[in-house]
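Asker: Next up, my_file39.pdb (PDB, C-alpha atoms).
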ATOM      1  CA  MET A  20      84.549 -43.815 -23.840
ATOM      2  CA  PHE A  21      84.224 -42.464 -27.392
ATOM      3  CA  TYR A  22      81.105 -40.447 -26.622
ATOM      4  CA  LYS A  23      82.625 -39.181 -23.382
ATOM      5  CA  ALA A  24      85.564 -37.860 -25.400
ATOM      6  CA  LEU A  25      83.185 -36.098 -27.790
ATOM      7  CA  LEU A  26      81.343 -34.511 -24.880
ATOM      8  CA  THR A  27      84.541 -33.589 -23.045
ATOM      9  CA  GLU A  28      85.797 -31.795 -26.138
ATOM     10  CA  SER A  29      82.343 -30.234 -26.712
ATOM     11  CA  ILE A  30      82.126 -31.860 -30.123
ATOM     12  CA  SER A  31      78.615 -32.045 -31.487
ATOM     13  CA  TYR A  32      77.767 -35.190 -33.378
ATOM     14  CA  PRO A  33      74.845 -36.302 -35.514
ATOM     15  CA  ASN A  34      71.854 -38.184 -34.197
ATOM     16  CA  TYR A  35      72.079 -41.946 -34.560
ATOM     17  CA  LEU A  36      75.906 -41.917 -34.686
ATOM     18  CA  GLU A  37      75.983 -44.774 -32.179
ATOM     19  CA  THR A  38      73.751 -46.874 -34.450
ATOM     20  CA  TYR A  39      76.011 -46.330 -37.450
ATOM     21  CA  ILE A  40      79.179 -47.110 -35.500
ATOM     22  CA  SER A  41      77.609 -50.276 -34.072
ATOM     23  CA  SER A  42      76.569 -51.367 -37.547
ATOM     24  CA  ALA A  43      80.082 -50.783 -38.879
ATOM     25  CA  TRP A  44      81.607 -52.837 -36.059
ATOM     26  CA  GLU A  45      79.141 -55.666 -36.661
ATOM     27  CA  ASN A  46      80.286 -55.881 -40.291
ATOM     28  CA  VAL A  47      84.005 -55.484 -39.662
ATOM     29  CA  ASN A  48      84.702 -59.216 -40.003
ATOM     30  CA  THR A  49      83.048 -59.427 -43.424
ATOM     31  CA  LEU A  50      84.841 -56.426 -44.916
ATOM     32  CA  ASN A  51      88.435 -55.845 -45.889
ATOM     33  CA  LYS A  52      90.630 -53.262 -44.174
ATOM     34  CA  GLU A  53      90.084 -50.649 -46.883
ATOM     35  CA  GLN A  54      86.296 -50.970 -46.691
ATOM     36  CA  VAL A  55      86.337 -50.596 -42.910
ATOM     37  CA  GLN A  56      88.618 -47.566 -43.166
ATOM     38  CA  ASN A  57      86.267 -46.008 -45.724
ATOM     39  CA  ILE A  58      83.306 -46.470 -43.384
ATOM     40  CA  PHE A  59      85.094 -44.787 -40.515
ATOM     41  CA  ASP A  60      86.411 -42.026 -42.780
ATOM     42  CA  GLU A  61      82.830 -41.301 -43.819
ATOM     43  CA  LEU A  62      81.656 -41.322 -40.204
ATOM     44  CA  SER A  63      84.455 -38.906 -39.351
ATOM     45  CA  LYS A  64      83.398 -36.563 -42.161
ATOM     46  CA  TRP A  65      79.803 -36.780 -40.957
ATOM     47  CA  VAL A  66      80.802 -35.760 -37.434
ATOM     48  CA  SER A  67      82.922 -32.927 -38.814
ATOM     49  CA  VAL A  68      80.112 -31.612 -41.004
ATOM     50  CA  SER A  69      77.635 -31.852 -38.130
ATOM     51  CA  GLU A  70      80.015 -29.991 -35.842
ATOM     52  CA  HIS A  71      80.402 -27.158 -38.357
ATOM     53  CA  ASP A  72      76.656 -26.997 -39.039
ATOM     54  CA  LEU A  73      75.918 -26.554 -35.330
ATOM     55  CA  THR A  74      78.432 -23.780 -34.693
TER      56      THR A  74
END
Could you render the structure from this file as structure tokens?
Answerer:
Amino acid sequence: MFYKALLTESISYPNYLETYISSAWENVNTLNKEQVQNIFDELSKWVSVSEHDLT
């Protein structure tokens, strides 16, 4: 669903994004809320930078 939303909105995203998101989810139970939020904030920045680099 997430990737479909990116495609529907024509948002470019970096290679291996799925791998990084999967890794973050796998570690979610061993991290605190702030650490998880930081991971997803960084992933969001990465997508944003990639989108701007490709336009």
Asker: How many Å lie between CA of Ser69 in chain A and CA of Asn34 in chain A, rounded to one decimal?
Answerer: 9.4 Å
Asker: Quick one, how far is CA of Glu45 in chain A from CA of Ile58 in chain A?
Answerer: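 CA of Ile58 in chain A lies 12.1 Å from CA of Glu45 in chain A.
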Asker: Considering all atoms listed in the file, return as an MDAnalysis selection string whatever protein or nucleic-acid residues lie within 12 Å of Ser63 in chain A, sequence-local ones (same chain, fewer than 2 positions apart) excluded.
Answerer: chainID A and resid 25 30:33 36 39:40 56:61 65:70
Asker: Could you tell me how far CA of Ala43 in chain A lies from CA of Lys64 in chain A, in Å and to one decimal?
Answerer: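 Interatomic distance, CA of Ala43 in chain A to CA of Lys64 in chain A: 15.0 Å.
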Asker: Can you rebuild range 32-43 of chain A with all heavy atoms and give it as a compact mmCIF listing (two decimals), in the coordinates of the input?
Answerer:
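Writing done, so here's result.txt:
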# COMPACT_ATOMS: atom_id res chain seq x y z
N TYR A 32 77.76 -34.09 -32.42
CA TYR A 32 77.77 -35.19 -33.38
C TYR A 32 76.34 -35.48 -33.80
O TYR A 32 75.38 -35.13 -33.11
CB TYR A 32 78.44 -36.43 -32.79
CG TYR A 32 77.89 -36.90 -31.48
CD1 TYR A 32 76.85 -37.82 -31.43
CD2 TYR A 32 78.42 -36.43 -30.28
CE1 TYR A 32 76.34 -38.27 -30.22
CE2 TYR A 32 77.91 -36.87 -29.07
CZ TYR A 32 76.88 -37.79 -29.05
OH TYR A 32 76.38 -38.22 -27.85
N PRO A 33 76.18 -36.08 -34.97
CA PRO A 33 74.84 -36.30 -35.51
C PRO A 33 74.05 -37.33 -34.72
O PRO A 33 74.61 -38.20 -34.05
CB PRO A 33 75.09 -36.81 -36.93
CG PRO A 33 76.52 -37.19 -36.99
CD PRO A 33 77.23 -36.53 -35.87
N ASN A 34 72.74 -37.19 -34.80
CA ASN A 34 71.85 -38.18 -34.20
C ASN A 34 72.12 -39.54 -34.83
O ASN A 34 72.49 -39.62 -35.99
CB ASN A 34 70.39 -37.81 -34.42
CG ASN A 34 70.01 -36.55 -33.69
OD1 ASN A 34 70.59 -36.20 -32.68
ND2 ASN A 34 69.04 -35.84 -34.21
N TYR A 35 71.94 -40.57 -34.09
CA TYR A 35 72.08 -41.95 -34.56
C TYR A 35 73.52 -42.34 -34.87
O TYR A 35 73.75 -43.37 -35.47
CB TYR A 35 71.19 -42.22 -35.78
CG TYR A 35 69.76 -41.84 -35.55
CD1 TYR A 35 69.18 -40.78 -36.22
CD2 TYR A 35 68.99 -42.54 -34.62
CE1 TYR A 35 67.87 -40.42 -35.99
CE2 TYR A 35 67.67 -42.20 -34.38
CZ TYR A 35 67.12 -41.13 -35.07
OH TYR A 35 65.81 -40.78 -34.83
N LEU A 36 74.51 -41.56 -34.45
CA LEU A 36 75.91 -41.92 -34.69
C LEU A 36 76.22 -43.27 -34.06
O LEU A 36 76.88 -44.11 -34.68
CB LEU A 36 76.85 -40.85 -34.13
CG LEU A 36 78.34 -41.12 -34.29
CD1 LEU A 36 78.71 -41.18 -35.77
CD2 LEU A 36 79.16 -40.06 -33.58
N GLU A 37 75.72 -43.51 -32.87
CA GLU A 37 75.98 -44.77 -32.18
C GLU A 37 75.47 -45.95 -33.00
O GLU A 37 76.14 -46.99 -33.11
CB GLU A 37 75.33 -44.78 -30.80
CG GLU A 37 75.65 -46.02 -30.00
CD GLU A 37 75.10 -45.96 -28.59
OE1 GLU A 37 74.49 -44.95 -28.19
OE2 GLU A 37 75.28 -46.95 -27.87
N THR A 38 74.32 -45.81 -33.62
CA THR A 38 73.75 -46.87 -34.45
C THR A 38 74.65 -47.17 -35.65
O THR A 38 74.91 -48.33 -35.97
CB THR A 38 72.35 -46.48 -34.95
OG1 THR A 38 71.52 -46.22 -33.81
CG2 THR A 38 71.73 -47.57 -35.80
N TYR A 39 75.14 -46.14 -36.28
CA TYR A 39 76.01 -46.33 -37.45
C TYR A 39 77.35 -46.96 -37.06
O TYR A 39 77.86 -47.83 -37.77
CB TYR A 39 76.23 -45.01 -38.19
CG TYR A 39 75.01 -44.57 -38.94
CD1 TYR A 39 74.19 -43.58 -38.44
CD2 TYR A 39 74.66 -45.16 -40.16
CE1 TYR A 39 73.05 -43.18 -39.13
CE2 TYR A 39 73.53 -44.77 -40.85
CZ TYR A 39 72.73 -43.78 -40.33
OH TYR A 39 71.60 -43.40 -41.01
N ILE A 40 77.91 -46.53 -35.95
CA ILE A 40 79.18 -47.11 -35.50
C ILE A 40 78.98 -48.58 -35.13
O ILE A 40 79.79 -49.43 -35.49
CB ILE A 40 79.77 -46.31 -34.32
CG1 ILE A 40 80.25 -44.95 -34.83
CG2 ILE A 40 80.91 -47.07 -33.66
CD1 ILE A 40 80.75 -44.01 -33.76
N SER A 41 77.89 -48.89 -34.43
CA SER A 41 77.61 -50.28 -34.07
C SER A 41 77.45 -51.15 -35.31
O SER A 41 77.97 -52.27 -35.37
CB SER A 41 76.34 -50.36 -33.23
OG SER A 41 76.53 -49.74 -31.99
N SER A 42 76.76 -50.63 -36.30
CA SER A 42 76.57 -51.37 -37.55
C SER A 42 77.90 -51.62 -38.24
O SER A 42 78.16 -52.72 -38.74
CB SER A 42 75.64 -50.59 -38.47
OG SER A 42 75.48 -51.25 -39.69
N ALA A 43 78.76 -50.62 -38.26
CA ALA A 43 80.08 -50.78 -38.88
C ALA A 43 80.87 -51.86 -38.16
O ALA A 43 81.49 -52.73 -38.79
CB ALA A 43 80.84 -49.45 -38.86
